[in-house]
$ cat structure_16.cif   # mmCIF, C-alpha atoms
data_input
#
loop_
_atom_site.label_atom_id
_atom_site.label_comp_id
_atom_site.auth_asym_id
_atom_site.auth_seq_id
_atom_site.Cartn_x
_atom_site.Cartn_y
_atom_site.Cartn_z
CA MET A 176 178.01 181.83 132.15
CA ARG A 177 178.64 184.14 129.21
CA GLN A 178 176.49 182.01 126.97
CA ALA A 179 173.68 181.91 129.50
CA SER A 180 173.97 185.65 130.02
CA GLY A 181 173.77 186.22 126.28
CA VAL A 182 170.56 184.20 126.06
CA LEU A 183 168.98 186.17 128.88
CA THR A 184 169.97 189.42 127.25
CA ALA A 185 168.40 188.38 123.95
CA ILE A 186 165.17 187.47 125.71
CA ALA A 187 165.16 190.70 127.68
CA PHE A 188 165.43 192.81 124.53
CA MET A 189 163.02 190.76 122.42
CA THR A 190 160.55 193.12 120.80
CA TYR A 191 157.07 192.58 119.42
CA PRO A 192 155.11 194.48 116.77
CA ASN A 193 153.66 197.64 118.30
CA PHE A 194 150.91 200.14 117.50
CA LYS A 195 153.10 203.26 117.28
CA GLN A 196 152.89 203.72 113.51
CA GLU A 197 149.13 203.23 113.48
CA SER A 198 148.64 205.75 116.30
CA LYS A 199 150.90 208.24 114.54
CA PHE A 200 149.00 208.10 111.27
CA PHE A 201 145.58 208.11 112.93
CA GLN A 202 146.59 211.45 114.47
CA LEU A 203 148.17 212.90 111.33
CA ASP A 204 145.85 211.74 108.54
CA LYS A 205 142.64 211.04 110.50
CA LYS A 206 141.99 208.11 108.15
CA PRO A 207 141.61 204.34 108.53
CA ILE A 208 144.51 202.03 107.62
CA ILE A 209 144.61 199.06 105.29
CA ALA A 210 147.64 196.89 106.11
CA LEU A 211 148.85 194.45 103.42
CA ASP A 212 151.12 191.43 103.65
CA GLU A 213 151.66 188.28 101.60
CA ALA A 214 152.31 184.59 102.10
CA GLY A 215 153.89 182.16 99.66
CA ARG A 216 156.21 184.53 97.85
CA GLY A 217 159.11 182.06 97.92
CA ALA A 218 157.15 178.85 97.35
CA LEU A 219 157.73 176.57 94.36
CA ALA A 220 154.03 175.72 94.06
CA GLY A 221 150.67 177.28 94.74
CA PRO A 222 149.51 180.89 94.69
CA VAL A 223 150.94 183.95 96.35
CA VAL A 224 148.29 185.13 98.83
CA VAL A 225 147.79 188.70 100.04
CA ALA A 226 145.72 189.62 103.07
CA GLY A 227 144.47 193.10 103.87
CA VAL A 228 143.40 194.21 107.34
CA TYR A 229 141.27 197.34 107.64
CA PHE A 230 141.81 199.21 110.92
CA LYS A 231 139.19 201.85 111.63
CA LYS A 232 140.49 205.23 112.79
CA THR A 233 138.60 204.77 116.06
CA ALA A 234 141.19 202.15 117.08
CA LYS A 235 143.18 204.03 119.71
CA LYS A 236 145.34 201.14 120.87
CA PRO A 237 146.20 197.58 119.85
CA LEU A 238 143.84 194.76 120.63
CA GLN A 239 144.40 192.33 123.47
CA PRO A 240 144.80 188.93 121.76
CA PRO A 241 145.07 185.61 123.59
CA ILE A 242 148.63 185.20 122.25
CA LYS A 243 151.17 187.90 121.47
CA ILE A 244 150.76 189.14 117.90
CA LYS A 245 153.99 188.56 115.99
CA ASP A 246 155.15 188.08 112.43
CA SER A 247 153.53 184.83 111.28
CA LYS A 248 156.95 183.22 110.71
CA GLN A 249 157.65 183.58 114.44
CA LEU A 250 154.50 181.68 115.45
CA THR A 251 153.65 177.98 115.44
CA PRO A 252 150.92 176.73 113.10
CA ASN A 253 148.55 176.27 116.05
CA GLN A 254 149.26 179.78 117.35
CA ARG A 255 148.56 181.23 113.92
CA LYS A 256 145.23 179.42 113.73
CA ILE A 257 144.18 180.66 117.17
CA LEU A 258 145.11 184.24 116.33
CA SER A 259 143.53 184.17 112.87
CA SER A 260 140.25 182.96 114.32
CA TRP A 261 140.39 185.54 117.10
CA LEU A 262 141.21 188.43 114.75
CA LYS A 263 138.27 187.62 112.48
CA LYS A 264 135.91 187.98 115.44
CA GLN A 265 136.99 191.55 116.19
CA LYS A 266 134.25 194.03 115.26
CA ASN A 267 136.58 196.95 114.52
CA LEU A 268 138.55 195.01 111.89
CA GLU A 269 137.74 193.95 108.35
CA PHE A 270 139.62 191.44 106.19
CA ARG A 271 139.99 190.73 102.50
CA VAL A 272 142.18 188.19 100.71
CA SER A 273 143.37 187.97 97.10
CA LEU A 274 145.71 185.60 95.33
CA CYS A 275 147.64 185.15 92.11
CA GLN A 276 147.95 181.62 90.82
CA ALA A 277 151.17 179.98 89.69
CA LYS A 278 150.47 180.72 86.00
CA THR A 279 150.16 184.41 86.78
CA VAL A 280 153.38 184.32 88.79
CA ASP A 281 155.13 182.72 85.80
CA LYS A 282 153.70 185.32 83.44
CA LEU A 283 154.34 188.45 85.50
CA ASN A 284 157.12 187.38 87.93
CA ILE A 285 156.59 187.07 91.67
CA ARG A 286 157.09 190.74 92.50
CA ARG A 287 154.52 192.01 90.03
CA ALA A 288 152.09 189.20 90.87
CA THR A 289 152.30 190.09 94.55
CA LEU A 290 151.66 193.78 93.86
CA LEU A 291 148.72 192.85 91.61
CA ALA A 292 147.20 190.76 94.42
CA MET A 293 147.69 193.71 96.79
CA LYS A 294 145.87 196.05 94.41
CA GLN A 295 143.04 193.55 94.05
CA THR A 296 142.79 193.26 97.83
CA ILE A 297 142.48 197.03 98.24
CA LYS A 298 139.66 197.14 95.67
CA LYS A 299 137.72 194.48 97.57
CA PHE A 300 137.26 196.82 100.53
CA ARG A 301 135.17 199.18 98.35
CA LYS A 302 136.27 202.18 100.36
CA LYS A 303 137.80 205.48 99.21
CA LYS A 304 139.35 207.23 102.19
CA PHE A 305 142.20 205.34 103.84
CA ILE A 306 145.96 205.04 103.89
CA VAL A 307 147.91 201.91 103.05
CA PHE A 308 150.68 200.14 104.96
CA VAL A 309 152.66 197.64 102.86
CA ASP A 310 155.09 195.07 104.18
CA GLY A 311 158.27 195.25 102.08
CA LYS A 312 160.02 197.87 100.01
CA ASP A 313 157.58 198.13 97.10
CA LYS A 314 154.49 200.32 96.98
CA VAL A 315 151.30 199.25 95.21
CA PRO A 316 151.09 200.81 91.73
CA GLY A 317 147.94 202.43 90.42
CA ILE A 318 146.23 203.56 93.63
CA LYS A 319 145.50 207.16 94.60
CA GLN A 320 145.68 206.76 98.37
CA ASN A 321 148.78 207.62 100.35
CA GLN A 322 150.83 204.54 101.09
CA TYR A 323 153.88 203.66 103.13
CA ALA A 324 156.18 200.68 102.63
CA PHE A 325 157.97 199.17 105.63
CA VAL A 326 160.83 196.70 105.18
CA LYS A 327 160.22 193.83 107.63
CA GLY A 328 157.12 195.70 108.71
CA ASP A 329 155.42 192.51 109.88
CA GLU A 330 158.10 192.21 112.56
CA LYS A 331 157.59 195.78 113.84
CA ILE A 332 154.07 197.00 113.03
CA PHE A 333 150.98 195.54 114.65
CA SER A 334 148.58 195.82 111.70
CA LEU A 335 151.09 194.27 109.27
CA ALA A 336 151.73 191.39 111.67
CA CYS A 337 147.96 190.78 111.73
CA ALA A 338 147.89 190.73 107.92
CA SER A 339 150.80 188.29 107.83
CA ILE A 340 148.90 185.88 110.11
CA ILE A 341 145.69 186.02 108.07
CA ALA A 342 147.59 185.48 104.79
CA LYS A 343 149.64 182.58 106.13
CA VAL A 344 146.70 180.70 107.66
CA TYR A 345 144.60 181.19 104.52
CA ARG A 346 147.38 179.90 102.27
CA ASP A 347 148.23 176.93 104.48
CA LYS A 348 144.58 175.82 104.43
CA LEU A 349 144.50 176.22 100.65
CA MET A 350 147.66 174.13 100.19
CA THR A 351 146.26 171.42 102.46
CA ARG A 352 143.17 171.24 100.26
CA LEU A 353 145.33 171.11 97.13
CA ALA A 354 147.25 168.22 98.67
CA LYS A 355 144.12 166.09 98.24
CA LYS A 356 144.05 166.89 94.54
CA TYR A 357 147.78 166.27 94.10
CA PRO A 358 148.61 163.74 96.84
CA GLN A 359 151.93 162.68 95.29
CA TYR A 360 153.60 165.98 96.31
CA ASN A 361 152.68 166.12 100.03
CA PHE A 362 151.69 169.78 99.89
CA GLU A 363 150.07 169.43 103.31
CA VAL A 364 153.56 169.01 104.80
CA HIS A 365 155.72 171.65 103.11
CA LYS A 366 152.97 173.93 101.72
CA GLY A 367 154.74 174.16 98.37
CA TYR A 368 158.09 175.41 99.64
CA GLY A 369 161.41 174.05 98.39
CA THR A 370 162.20 171.34 100.90
CA LYS A 371 164.43 168.41 100.04
CA LYS A 372 161.50 165.99 99.92
CA HIS A 373 159.52 168.36 97.73
CA PHE A 374 162.34 168.48 95.20
CA GLN A 375 162.47 164.68 95.26
CA LYS A 376 158.74 164.50 94.54
CA ILE A 377 159.07 166.91 91.62
CA LYS A 378 161.94 164.91 90.14
CA LYS A 379 159.91 161.73 90.45
CA HIS A 380 156.53 162.95 89.21
CA GLY A 381 157.37 166.09 87.25
CA PRO A 382 155.74 169.46 87.93
CA SER A 383 152.01 169.71 88.64
CA PRO A 384 149.70 172.36 87.14
CA ILE A 385 150.13 174.46 90.30
CA HIS A 386 153.94 174.47 90.24
CA ARG A 387 155.65 177.72 89.27
CA LYS A 388 157.63 176.73 86.20
CA SER A 389 159.73 179.91 86.35
CA PHE A 390 160.86 178.94 89.85
CA LEU A 391 161.63 175.37 88.87
CA ARG A 392 163.86 176.42 85.98
CA LYS A 393 166.20 177.99 88.50
CA ASN A 394 166.56 174.72 90.41
CA LEU A 395 165.55 171.86 88.10
CA LYS A 396 165.71 171.24 84.35
CA PHE A 397 162.07 171.79 83.37
#
$ encode --input "structure_16.cif" --output "structure tokens"
Amino acid sequence: MRQASGVLTAIAFMTYPNFKQESKFFQLDKKPIIALDEAGRGALAGPVVVAGVYFKKTAKKPLQPPIKIKDSKQLTPNQRKILSSWLKKQKNLEFRVSLCQAKTVDKLNIRRATLLAMKQTIKKFRKKKFIVFVDGKDKVPGIKQNQYAFVKGDEKIFSLACASIIAKVYRDKLMTRLAKKYPQYNFEVHKGYGTKKHFQKIKKHGPSPIHRKSFLRKNLKF
């Protein structure tokens, strides 16, 4: 009974990303919001991908999606695809995506490569007046706009959860395409992350041009 009760309690208090932060800043700053999140930060292969979602200041409340918006990691692949497609059809949203390839990750390190992709994403919007929400603890260097970093923001903030979905779906599609170019690694299955089978493939075939050598040195002798 205790175990069952505990499960019910967890479900009862389950929370979803909300629109409170967006509403707060729309009232205070009277400016649109660009929300940034990444996908692929911990992968052994492939690029780190950053998605930006531009919320106009006229957005008074969150959208009404067909599935609850959540952090992309808490959704199934099919749910992410449905939501990504739905989000891109919304007239009051705009999207941009940037990426840093494995060679750039090796050169800069993953943190700096991610921040570079975020800066590139902001530039693609070609707008001047906005504020920035960033998922994580680091702010984007070299921009003049006010910005706010939220640790685990994609679990709590609606716009960041949207960005996490767009980034994840984009990267998964990219890794599936790369799997055709490098079929021996099965990228379509693990999307470049460090699964047991992925490590086995690397040991058998060696690293591909899209593997992050700096990541492999920590786990394999390359």
$ residues_around --input "structure_16.cif" --residues "Ser383 (chain A)" --least-positions-apart "5" --cutoff "9 Å" --atoms "all atoms listed in the file" --output "ChimeraX atom specification"
/A:220,357,360,377
$ residues_around --input "structure_16.cif" --residues "Ala210 (chain A)" --least-positions-apart "2" --cutoff "8 Å" --atoms "all atoms listed in the file" --output "PyMOL selection string"
chain A and resi 208+212+227-230+307-310+334-335+338
$ closest_residue --input "structure_16.cif" --among "A:Ala342, A:Ile306, A:Ile332, A:Leu395" --to "Lys206 (chain A)" --atoms "all atoms listed in the file"
A:Ile306
$ residues_around --input "structure_16.cif" --residues "Phe300 (chain A)" --least-positions-apart "2" --cutoff "10 Å" --atoms "all atoms listed in the file" --output "ChimeraX atom specification"
/A:209,227-229,269-272,295-298,302-303
$ residues_around --input "structure_16.cif" --residues "Phe333 (chain A)" --least-positions-apart "5" --cutoff "7 Å" --atoms "only C-alpha atoms" --output "PyMOL selection string"
chain A and resi 192-194
$ resolve_selection --input "structure_16.cif" --expression "the PyMOL selection byres ((chain A and resi 275-282) around 8)" --output "list in words"
Ala220, Gly221, Pro222, Val223, Val224, Ser273, Leu274, Leu283, Asn284, Ile285, Arg287, Ala288, Thr289, Leu291, Ala292, Ile385, His386, Arg387, Lys388, Ser389 and Phe390 of chain A
$ closest_residue --input "structure_16.cif" --among "A:Lys232, A:Lys263, A:His365, A:Lys356" --to "Ile341 (chain A)" --atoms "all atoms listed in the file"
A:Lys263
$ closest_residue --input "structure_16.cif" --among "A:Lys327, A:Lys376, A:Gln265, A:Leu349" --to "Asn361 (chain A)" --atoms "all atoms listed in the file"
A:Lys376
$ atom_distance --input "structure_16.cif" --atom1 "CA of Ser260 (chain A)" --atom2 "CA of Gly215 (chain A)"
20.0 Å
$ residues_around --input "structure_16.cif" --residues "Pro358 (chain A)" --least-positions-apart "4" --cutoff "12 Å" --atoms "all atoms listed in the file" --output "PyMOL selection string"
chain A and resi 350-354+362-364+373+376+380+383
$ decode --input "structure_16.cif" --residues "region 204-219 of chain A" --atoms "all heavy atoms" --output "mmCIF file, in the first residue's frame"
data_model
loop_
_atom_site.group_PDB
_atom_site.id
_atom_site.type_symbol
_atom_site.label_atom_id
_atom_site.label_comp_id
_atom_site.auth_asym_id
_atom_site.auth_seq_id
_atom_site.Cartn_x
_atom_site.Cartn_y
_atom_site.Cartn_z
ATOM 1 N N ASP A 204 9.886 43.763 -19.189
ATOM 2 C CA ASP A 204 10.752 44.291 -20.235
ATOM 3 C C ASP A 204 10.013 44.711 -21.502
ATOM 4 O O ASP A 204 10.570 45.428 -22.328
ATOM 5 C CB ASP A 204 11.819 43.252 -20.607
ATOM 6 C CG ASP A 204 12.888 43.114 -19.535
ATOM 7 O OD1 ASP A 204 12.835 43.896 -18.575
ATOM 8 O OD2 ASP A 204 13.748 42.236 -19.659
ATOM 9 N N LYS A 205 8.789 44.232 -21.679
ATOM 10 C CA LYS A 205 8.002 44.567 -22.870
ATOM 11 C C LYS A 205 8.730 44.179 -24.162
ATOM 12 O O LYS A 205 8.608 44.846 -25.189
ATOM 13 C CB LYS A 205 7.687 46.070 -22.905
ATOM 14 C CG LYS A 205 7.124 46.651 -21.620
ATOM 15 C CD LYS A 205 5.768 46.076 -21.288
ATOM 16 C CE LYS A 205 5.198 46.732 -20.024
ATOM 17 N NZ LYS A 205 3.899 46.164 -19.626
ATOM 18 N N LYS A 206 9.508 43.103 -24.095
ATOM 19 C CA LYS A 206 10.270 42.666 -25.268
ATOM 20 C C LYS A 206 9.996 41.193 -25.569
ATOM 21 O O LYS A 206 9.633 40.423 -24.682
ATOM 22 C CB LYS A 206 11.770 42.855 -25.024
ATOM 23 C CG LYS A 206 12.204 44.301 -24.886
ATOM 24 C CD LYS A 206 13.690 44.374 -24.572
ATOM 25 C CE LYS A 206 14.127 45.809 -24.337
ATOM 26 N NZ LYS A 206 15.559 45.888 -23.940
ATOM 27 N N PRO A 207 10.199 40.787 -26.826
ATOM 28 C CA PRO A 207 10.095 39.368 -27.167
ATOM 29 C C PRO A 207 11.182 38.557 -26.468
ATOM 30 O O PRO A 207 12.144 39.106 -25.937
ATOM 31 C CB PRO A 207 10.291 39.347 -28.689
ATOM 32 C CG PRO A 207 10.069 40.748 -29.135
ATOM 33 C CD PRO A 207 10.490 41.622 -28.005
ATOM 34 N N ILE A 208 11.033 37.237 -26.510
ATOM 35 C CA ILE A 208 11.989 36.324 -25.871
ATOM 36 C C ILE A 208 12.543 35.360 -26.905
ATOM 37 O O ILE A 208 11.789 34.808 -27.716
ATOM 38 C CB ILE A 208 11.311 35.526 -24.741
ATOM 39 C CG1 ILE A 208 10.892 36.467 -23.599
ATOM 40 C CG2 ILE A 208 12.240 34.418 -24.212
ATOM 41 C CD1 ILE A 208 9.985 35.808 -22.585
ATOM 42 N N ILE A 209 13.851 35.166 -26.873
ATOM 43 C CA ILE A 209 14.471 34.076 -27.626
ATOM 44 C C ILE A 209 14.952 33.045 -26.606
ATOM 45 O O ILE A 209 15.789 33.354 -25.754
ATOM 46 C CB ILE A 209 15.644 34.564 -28.484
ATOM 47 C CG1 ILE A 209 15.143 35.471 -29.613
ATOM 48 C CG2 ILE A 209 16.416 33.375 -29.072
ATOM 49 C CD1 ILE A 209 16.239 36.042 -30.487
ATOM 50 N N ALA A 210 14.392 31.854 -26.674
ATOM 51 C CA ALA A 210 14.753 30.766 -25.763
ATOM 52 C C ALA A 210 15.700 29.814 -26.472
ATOM 53 O O ALA A 210 15.449 29.402 -27.607
ATOM 54 C CB ALA A 210 13.502 30.023 -25.303
ATOM 55 N N LEU A 211 16.806 29.451 -25.804
ATOM 56 C CA LEU A 211 17.861 28.622 -26.405
ATOM 57 C C LEU A 211 18.077 27.337 -25.614
ATOM 58 O O LEU A 211 18.211 27.372 -24.387
ATOM 59 C CB LEU A 211 19.181 29.396 -26.446
ATOM 60 C CG LEU A 211 19.215 30.720 -27.199
ATOM 61 C CD1 LEU A 211 20.513 31.451 -26.881
ATOM 62 C CD2 LEU A 211 19.092 30.485 -28.697
ATOM 63 N N ASP A 212 18.148 26.221 -26.330
ATOM 64 C CA ASP A 212 18.539 24.959 -25.701
ATOM 65 C C ASP A 212 19.306 24.134 -26.719
ATOM 66 O O ASP A 212 19.234 24.376 -27.930
ATOM 67 C CB ASP A 212 17.321 24.190 -25.198
ATOM 68 C CG ASP A 212 17.697 23.113 -24.180
ATOM 69 O OD1 ASP A 212 18.855 23.105 -23.719
ATOM 70 O OD2 ASP A 212 16.839 22.270 -23.856
ATOM 71 N N GLU A 213 20.045 23.151 -26.224
ATOM 72 C CA GLU A 213 20.899 22.334 -27.092
ATOM 73 C C GLU A 213 20.514 20.867 -27.040
ATOM 74 O O GLU A 213 19.806 20.421 -26.132
ATOM 75 C CB GLU A 213 22.360 22.494 -26.700
ATOM 76 C CG GLU A 213 22.687 22.230 -25.241
ATOM 77 C CD GLU A 213 22.654 20.788 -24.816
ATOM 78 O OE1 GLU A 213 22.909 19.901 -25.659
ATOM 79 O OE2 GLU A 213 22.357 20.533 -23.640
ATOM 80 N N ALA A 214 21.014 20.133 -28.015
ATOM 81 C CA ALA A 214 20.906 18.675 -28.034
ATOM 82 C C ALA A 214 22.244 18.110 -28.480
ATOM 83 O O ALA A 214 22.913 18.687 -29.346
ATOM 84 C CB ALA A 214 19.792 18.212 -28.980
ATOM 85 N N GLY A 215 22.641 17.005 -27.885
ATOM 86 C CA GLY A 215 23.882 16.345 -28.292
ATOM 87 C C GLY A 215 25.115 16.761 -27.532
ATOM 88 O O GLY A 215 26.235 16.414 -27.919
ATOM 89 N N ARG A 216 24.930 17.429 -26.423
ATOM 90 C CA ARG A 216 26.094 17.890 -25.655
ATOM 91 C C ARG A 216 26.944 16.711 -25.166
ATOM 92 O O ARG A 216 28.172 16.782 -25.165
ATOM 93 C CB ARG A 216 25.626 18.727 -24.464
ATOM 94 C CG ARG A 216 26.767 19.386 -23.699
ATOM 95 C CD ARG A 216 26.253 20.321 -22.620
ATOM 96 N NE ARG A 216 27.340 20.957 -21.901
ATOM 97 C CZ ARG A 216 27.500 22.263 -21.746
ATOM 98 N NH1 ARG A 216 26.623 23.082 -22.290
ATOM 99 N NH2 ARG A 216 28.522 22.751 -21.065
ATOM 100 N N GLY A 217 26.330 15.629 -24.762
ATOM 101 C CA GLY A 217 27.072 14.510 -24.204
ATOM 102 C C GLY A 217 27.379 13.387 -25.180
ATOM 103 O O GLY A 217 27.904 12.341 -24.772
ATOM 104 N N ALA A 218 27.085 13.584 -26.455
ATOM 105 C CA ALA A 218 27.293 12.527 -27.450
ATOM 106 C C ALA A 218 28.773 12.344 -27.772
ATOM 107 O O ALA A 218 29.578 13.273 -27.649
ATOM 108 C CB ALA A 218 26.519 12.837 -28.723
ATOM 109 N N LEU A 219 29.125 11.148 -28.207
ATOM 110 C CA LEU A 219 30.491 10.850 -28.636
ATOM 111 C C LEU A 219 30.725 11.231 -30.092
ATOM 112 O O LEU A 219 31.872 11.390 -30.519
ATOM 113 C CB LEU A 219 30.790 9.356 -28.484
ATOM 114 C CG LEU A 219 30.677 8.746 -27.086
ATOM 115 C CD1 LEU A 219 30.958 7.253 -27.161
ATOM 116 C CD2 LEU A 219 31.628 9.426 -26.118
#
